[in-house]
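Asker: Just so it is clear, I am handing over input_11.tsv, which has TSV, C-alpha atoms and all ligand atoms.
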chain	number	residue	atom	x	y	z
A	28	MET	CA	192.81	212.35	106.76
A	29	ILE	CA	189.56	213.25	108.50
A	30	VAL	CA	186.56	214.84	106.78
A	31	ALA	CA	183.78	215.78	109.17
A	32	ALA	CA	180.36	217.37	108.63
A	33	ASN	CA	178.78	219.67	111.19
A	34	PHE	CA	175.14	220.10	110.24
A	35	LYS	CA	174.56	222.64	113.05
A	36	MET	CA	170.78	223.25	113.34
A	37	ASN	CA	170.00	221.88	109.88
A	38	LYS	CA	168.26	218.74	108.63
A	39	THR	CA	165.62	216.49	110.12
A	40	ARG	CA	166.01	212.89	111.18
A	41	LYS	CA	164.54	211.66	107.91
A	42	GLU	CA	166.85	213.87	105.86
A	43	THR	CA	169.83	212.68	107.88
A	44	GLU	CA	168.91	209.04	107.27
A	45	GLU	CA	168.68	209.66	103.53
A	46	TYR	CA	171.94	211.60	103.63
A	47	LEU	CA	173.83	208.76	105.32
A	48	LYS	CA	172.45	206.21	102.88
A	49	GLU	CA	173.65	208.28	99.94
A	50	LEU	CA	176.97	209.10	101.59
A	51	LYS	CA	177.76	205.41	102.02
A	52	THR	CA	177.47	204.76	98.30
A	53	ILE	CA	181.12	205.83	97.99
A	54	ASP	CA	184.21	204.08	99.32
A	55	PHE	CA	185.92	206.31	101.90
A	56	GLN	CA	189.20	204.37	101.54
A	57	ASP	CA	191.63	205.83	104.11
A	58	VAL	CA	189.52	208.91	104.84
A	59	LYS	CA	187.85	208.95	108.22
A	60	VAL	CA	184.37	210.45	107.96
A	61	ALA	CA	182.22	211.82	110.80
A	62	VAL	CA	178.78	213.44	110.71
A	63	PHE	CA	177.39	215.64	113.49
A	64	PRO	CA	173.61	216.09	113.01
A	65	PRO	CA	171.18	217.81	115.41
A	66	PHE	CA	170.10	215.85	118.51
A	67	THR	CA	166.80	214.75	116.98
A	68	ALA	CA	168.72	212.95	114.23
A	69	LEU	CA	171.07	210.99	116.49
A	70	MET	CA	171.02	207.33	115.52
A	71	GLU	CA	173.05	204.17	115.74
A	72	ASP	CA	175.62	204.62	113.02
A	73	GLU	CA	179.40	204.58	113.22
A	74	LEU	CA	179.64	207.92	111.38
A	75	ILE	CA	177.49	209.83	113.85
A	76	GLY	CA	178.64	212.13	116.63
A	77	ALA	CA	176.78	214.62	118.84
A	78	GLN	CA	177.26	218.38	118.42
A	79	ASN	CA	177.19	218.88	122.17
A	80	ALA	CA	176.39	217.00	125.37
A	81	TYR	CA	175.95	217.80	129.05
A	82	PRO	CA	178.63	216.45	131.41
A	83	ALA	CA	176.42	213.99	133.31
A	84	LYS	CA	174.85	210.60	132.75
A	85	ASN	CA	171.33	211.97	133.31
A	86	GLY	CA	169.54	214.33	135.67
A	87	ALA	CA	167.67	217.61	136.08
A	88	TYR	CA	169.21	219.54	133.17
A	89	THR	CA	166.29	220.79	131.13
A	90	GLY	CA	166.95	220.97	127.42
A	91	GLU	CA	170.16	218.95	127.56
A	92	ILE	CA	171.17	215.42	126.67
A	93	GLY	CA	173.83	213.40	128.45
A	94	LEU	CA	175.62	210.08	128.43
A	95	GLU	CA	172.47	207.98	128.82
A	96	GLN	CA	170.88	209.46	125.69
A	97	LEU	CA	174.09	208.99	123.68
A	98	ASP	CA	174.56	205.45	124.97
A	99	GLU	CA	171.13	204.50	123.65
A	100	PHE	CA	172.50	204.96	120.14
A	101	GLY	CA	175.98	203.67	120.89
A	102	ILE	CA	177.40	207.13	120.18
A	103	LYS	CA	180.99	207.56	121.29
A	104	ARG	CA	181.87	210.84	119.56
A	105	VAL	CA	181.14	214.42	120.60
A	106	LEU	CA	181.97	217.91	119.34
A	107	LEU	CA	182.89	220.37	122.09
A	108	GLY	CA	183.81	224.03	122.27
A	109	HIS	CA	182.33	225.13	118.94
A	110	SER	CA	182.48	228.91	118.59
A	111	GLU	CA	178.72	229.12	118.12
A	112	ARG	CA	178.27	227.55	121.55
A	113	ARG	CA	180.98	229.74	123.05
A	114	HIS	CA	179.58	232.96	121.59
A	115	ILE	CA	175.84	232.45	121.06
A	116	LEU	CA	175.18	230.13	124.00
A	117	ASN	CA	177.81	231.83	126.20
A	118	GLU	CA	179.58	228.64	127.20
A	119	THR	CA	182.58	229.37	129.37
A	120	GLN	CA	185.96	227.68	129.12
A	121	GLU	CA	185.41	226.23	132.57
A	122	PHE	CA	182.14	224.58	131.53
A	123	ILE	CA	183.59	223.30	128.26
A	124	ALA	CA	186.56	221.84	130.16
A	125	LYS	CA	184.11	220.06	132.47
A	126	LYS	CA	182.41	218.48	129.47
A	127	PHE	CA	185.79	217.52	128.08
A	128	SER	CA	186.84	215.78	131.30
A	129	PHE	CA	183.53	213.96	131.63
A	130	TYR	CA	183.48	212.62	128.07
A	131	LYS	CA	187.18	211.83	128.22
A	132	GLU	CA	186.49	209.65	131.26
A	133	CYS	CA	183.79	207.94	129.18
A	134	GLY	CA	186.35	207.25	126.43
A	135	PHE	CA	184.62	209.38	123.80
A	136	GLU	CA	186.35	210.65	120.70
A	137	ILE	CA	186.27	214.41	121.28
A	138	TYR	CA	186.36	216.90	118.41
A	139	TYR	CA	187.52	219.96	120.28
A	140	CYS	CA	187.11	223.35	118.56
A	141	VAL	CA	189.24	226.45	119.05
A	142	GLY	CA	189.57	229.66	117.08
A	143	GLU	CA	190.05	233.38	117.43
A	144	PRO	CA	187.73	236.29	116.58
A	145	LEU	CA	188.77	238.84	113.96
A	146	GLU	CA	190.05	241.47	116.40
A	147	VAL	CA	192.54	238.93	117.76
A	148	ARG	CA	193.65	237.79	114.29
A	149	LYS	CA	194.34	241.43	113.39
A	150	LYS	CA	196.91	241.57	116.19
A	151	GLY	CA	198.98	238.78	114.62
A	152	ILE	CA	199.95	235.17	115.20
A	153	ASN	CA	201.27	235.60	118.75
A	154	ALA	CA	197.96	237.05	119.90
A	155	VAL	CA	196.13	234.24	118.09
A	156	ILE	CA	198.16	231.56	119.84
A	157	ASP	CA	197.79	233.23	123.23
A	158	TYR	CA	194.03	233.27	122.64
A	159	ILE	CA	193.93	229.63	121.57
A	160	LYS	CA	195.95	228.65	124.64
A	161	THR	CA	193.16	230.06	126.82
A	162	GLN	CA	190.78	227.75	124.95
A	163	PHE	CA	193.05	224.83	125.84
A	164	GLU	CA	192.80	225.54	129.57
A	165	GLY	CA	191.61	222.40	131.34
A	166	ILE	CA	191.95	220.33	128.17
A	167	ASP	CA	194.18	217.25	128.03
A	168	LEU	CA	196.04	217.77	124.77
A	169	GLU	CA	197.54	214.31	124.99
A	170	TYR	CA	194.19	212.54	125.19
A	171	GLU	CA	194.39	209.65	122.74
A	172	ASN	CA	190.89	210.23	121.34
A	173	LEU	CA	191.24	213.96	120.86
A	174	VAL	CA	190.80	215.62	117.47
A	175	VAL	CA	191.47	219.37	117.48
A	176	ALA	CA	189.54	221.61	115.07
A	177	TYR	CA	190.99	225.06	114.39
A	178	GLU	CA	188.09	227.24	113.25
A	179	PRO	CA	188.77	230.98	113.11
A	180	VAL	CA	185.50	232.68	114.08
A	181	TRP	CA	185.79	235.19	111.24
A	182	ALA	CA	185.99	232.40	108.65
A	183	ILE	CA	182.93	230.45	109.83
A	184	GLY	CA	179.92	230.85	107.59
A	185	THR	CA	181.41	233.87	105.85
A	186	GLY	CA	182.42	232.20	102.60
A	187	VAL	CA	185.98	233.44	103.18
A	188	SER	CA	188.30	230.79	104.55
A	189	ALA	CA	191.56	231.66	106.29
A	190	GLY	CA	194.47	232.05	103.88
A	191	ARG	CA	197.11	229.38	103.30
A	192	ASP	CA	199.76	231.16	105.36
A	193	GLU	CA	197.37	231.83	108.23
A	194	ILE	CA	196.33	228.18	108.36
A	195	LYS	CA	199.94	227.03	107.99
A	196	GLU	CA	201.37	229.09	110.82
A	197	THR	CA	198.45	228.50	113.15
A	198	HIS	CA	198.46	224.72	112.65
A	199	GLN	CA	202.22	224.71	113.07
A	200	SER	CA	201.85	226.49	116.42
A	201	ILE	CA	199.05	224.17	117.57
A	202	ARG	CA	201.21	221.21	116.52
A	203	GLU	CA	203.79	222.36	119.06
A	204	LEU	CA	201.11	221.90	121.73
A	205	THR	CA	199.62	218.56	120.65
A	206	LYS	CA	200.42	215.52	118.55
A	207	ARG	CA	196.76	214.77	117.93
A	208	PRO	CA	195.10	215.39	114.50
A	209	ILE	CA	194.34	219.05	113.73
A	210	LEU	CA	191.42	219.86	111.42
A	211	TYR	CA	190.79	223.19	109.77
A	212	GLY	CA	187.23	224.58	109.67
A	213	GLY	CA	185.73	227.79	108.32
A	214	SER	CA	184.27	228.15	104.81
A	215	VAL	CA	185.78	224.92	103.52
A	216	LYS	CA	184.23	224.35	100.10
A	217	LEU	CA	184.67	222.00	97.18
A	218	ASN	CA	186.90	224.56	95.45
A	219	ASN	CA	189.35	225.05	98.34
A	220	ILE	CA	189.42	221.71	100.18
A	221	GLY	CA	192.24	220.33	98.01
A	222	GLU	CA	194.55	223.28	98.70
A	223	ILE	CA	193.69	223.34	102.40
A	224	LEU	CA	194.36	219.61	102.88
A	225	LYS	CA	197.80	219.97	101.32
A	226	ILE	CA	198.94	222.48	103.98
A	227	PRO	CA	201.41	220.95	106.48
A	228	ASN	CA	199.85	219.94	109.81
A	229	VAL	CA	196.34	219.97	108.37
A	230	ASP	CA	195.01	216.49	109.11
A	231	GLY	CA	191.51	217.07	107.85
A	232	VAL	CA	188.59	219.48	107.72
A	233	LEU	CA	185.42	220.25	109.64
A	234	VAL	CA	182.80	221.38	107.15
A	235	GLY	CA	179.63	223.34	107.91
A	236	SER	CA	177.39	224.67	105.16
A	237	ALA	CA	179.12	222.88	102.26
A	238	SER	CA	178.46	219.53	103.95
A	239	LEU	CA	174.69	219.97	103.80
A	240	ASP	CA	174.56	218.85	100.17
A	241	VAL	CA	175.50	215.19	100.21
A	242	GLU	CA	176.74	215.26	96.61
A	243	VAL	CA	179.15	218.08	97.49
A	244	PHE	CA	180.28	216.32	100.65
A	245	LYS	CA	180.91	213.09	98.73
A	246	GLU	CA	183.08	215.05	96.29
A	247	MET	CA	184.96	216.57	99.21
A	248	ILE	CA	185.72	213.08	100.54
A	249	ASN	CA	186.84	212.03	97.07
A	250	LYS	CA	189.25	215.00	97.00
A	251	ALA	CA	190.60	214.01	100.43
A	252	LYS	CA	191.25	210.49	99.15
A	253	GLU	CA	193.65	211.90	96.56
A	254	ILE	CA	195.84	213.65	99.15
A	255	LYS	CA	198.58	211.46	100.55
A	256	LYS	CA	200.59	212.81	103.45
B	301	LIG	P1	181.14	226.74	107.52
B	301	LIG	O1	181.80	225.61	106.76
B	301	LIG	O2	179.70	226.92	107.18
B	301	LIG	O3	181.95	227.99	107.46
B	301	LIG	O4	181.13	226.28	109.08
B	301	LIG	C1	182.30	225.81	109.65
B	301	LIG	C2	182.00	225.25	110.98
B	301	LIG	O5	181.63	225.98	111.89
B	301	LIG	C3	182.12	223.81	111.18
B	301	LIG	O6	182.03	223.46	112.52
In structure tokens, write the structure found in this file.
Answerer:
Amino acid sequence: MIVAANFKMNKTRKETEEYLKELKTIDFQDVKVAVFPPFTALMEDELIGAQNAYPAKNGAYTGEIGLEQLDEFGIKRVLLGHSERRHILNETQEFIAKKFSFYKECGFEIYYCVGEPLEVRKKGINAVIDYIKTQFEGIDLEYENLVVAYEPVWAIGTGVSAGRDEIKETHQSIRELTKRPILYGGSVKLNNIGEILKIPNVDGVLVGSASLDVEVFKEMINKAKEIKK
């Protein structure tokens, strides 16, 4: 079971340090925990991953960070393809696939996000899977360090997670494409994490806003510990 926190553009370096210290007061047991803070809070810590990275070691890419900056902190984990980067920062599938290939070559653990907007969901599961397949273009779904995160765009930050049946059928369909772990993300909270983690083919969760409170996130990990699959 994987429980991951995506801070997005929240928290400072100092707050992240305090967060990690508090987080580590509990025993994770079999739960694998990952934390993705903003760039300014990257630090040498086995829980930390980057929310994004440019596909190059270094160079003339203003505003970006690459392999050299991640190496400084021994970071070997990166989140790619998040819907906020696809939609707000206009990242194309081609560019995301380039990042994927680069960080795959570097042996990184890649948390790779996919998910459909509401108008696609309204058309039904076949449309959803066709859409997700376009987000898998150029992505090696057999990569040993891949973790897929299914995050329906309409469930992110809305307080309304996808329903059990929607998660079940979507994860089932993604499972037919990859054997790697599949996380669900989108309004995962303390009051729904238990139910979500019990759904077949859900191997963990990627948590946004609810992860910002370390006490809540610790409780979420404790709930994940109880689920045996
Ligand atoms: P919320 O948990 O705030 O809906 O965000 C989910 C997400 O985008 C995690 O990457």
Asker: Check the smallest atom-to-atom distance from each of A:Asp57, A:Glu178, A:Glu193, A:Glu49 to Lys252 (chain A) using only C-alpha atoms, then report the winner.
Answerer: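 The closest residue to Lys252 (chain A) is A:Asp57.
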Asker: May I have the residues within 10 Å of ligand LIG 301 (chain B), computed using only C-alpha atoms and all ligand atoms, as an MDAnalysis selection string?
Answerer: chainID A and resid 31:35 63 78 106 108:111 138 140 176:188 211:216 232:239
Asker: Quick one: residues within 12 Å of Ile53 (chain A), all atoms listed in the file, excluding same-chain residues fewer than 3 positions away - as a list in words?
Answerer: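 So the residues in contact are Leu47, Lys48, Glu49, Leu50, Gln56, Val58, Val60, Val241, Glu242, Phe244, Lys245, Glu246, Met247, Ile248, Asn249 and Lys252 of chain A.
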Asker: Here is a test: counting only C-alpha atoms, which residue of A:Val243, A:Leu217, A:Leu107, A:Glu203 is nearest to Ser128 (chain A)?
Answerer: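 Counting only C-alpha atoms, the residue closest to Ser128 (chain A) is A:Leu107.
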Asker: Using all atoms listed in the file, which residue out of A:His198, A:Asp192, A:Asn85, A:Lys41 lies closest to Val141 (chain A)?
Answerer: A:His198
Asker: What does the distance from CA of Phe122 (chain A) to CA of Gly86 (chain A) come to in Å, to one decimal?
Answerer: 16.8 Å
Asker: Name the residues in contact with Met70 (chain A) at a cut-off of 7 Å, using all atoms listed in the file, excluding same-chain residues fewer than 2 positions from it; report them as a list in words.
Answerer: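 What passes the distance filter is Ala68, Asp72 and Phe100 of chain A.
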Asker: Let me make sure I understand: among A:Ile29, A:Leu168, A:Leu210, A:Ile137, which one has the smallest atom-to-atom distance to Asn79 (chain A) if we use all atoms listed in the file?
Answerer: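 Using all atoms listed in the file, Asn79 (chain A) sits closest to A:Ile137.
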Asker: Applying 9 Å and only C-alpha atoms, which residues near Lys84 (chain A) remain after dropping the ones on its own chain fewer than 4 positions away? List them as a list in words.
Answerer: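 Listing them by chain and then by number gives Ile92, Gly93, Leu94, Glu95 and Gln96 of chain A.
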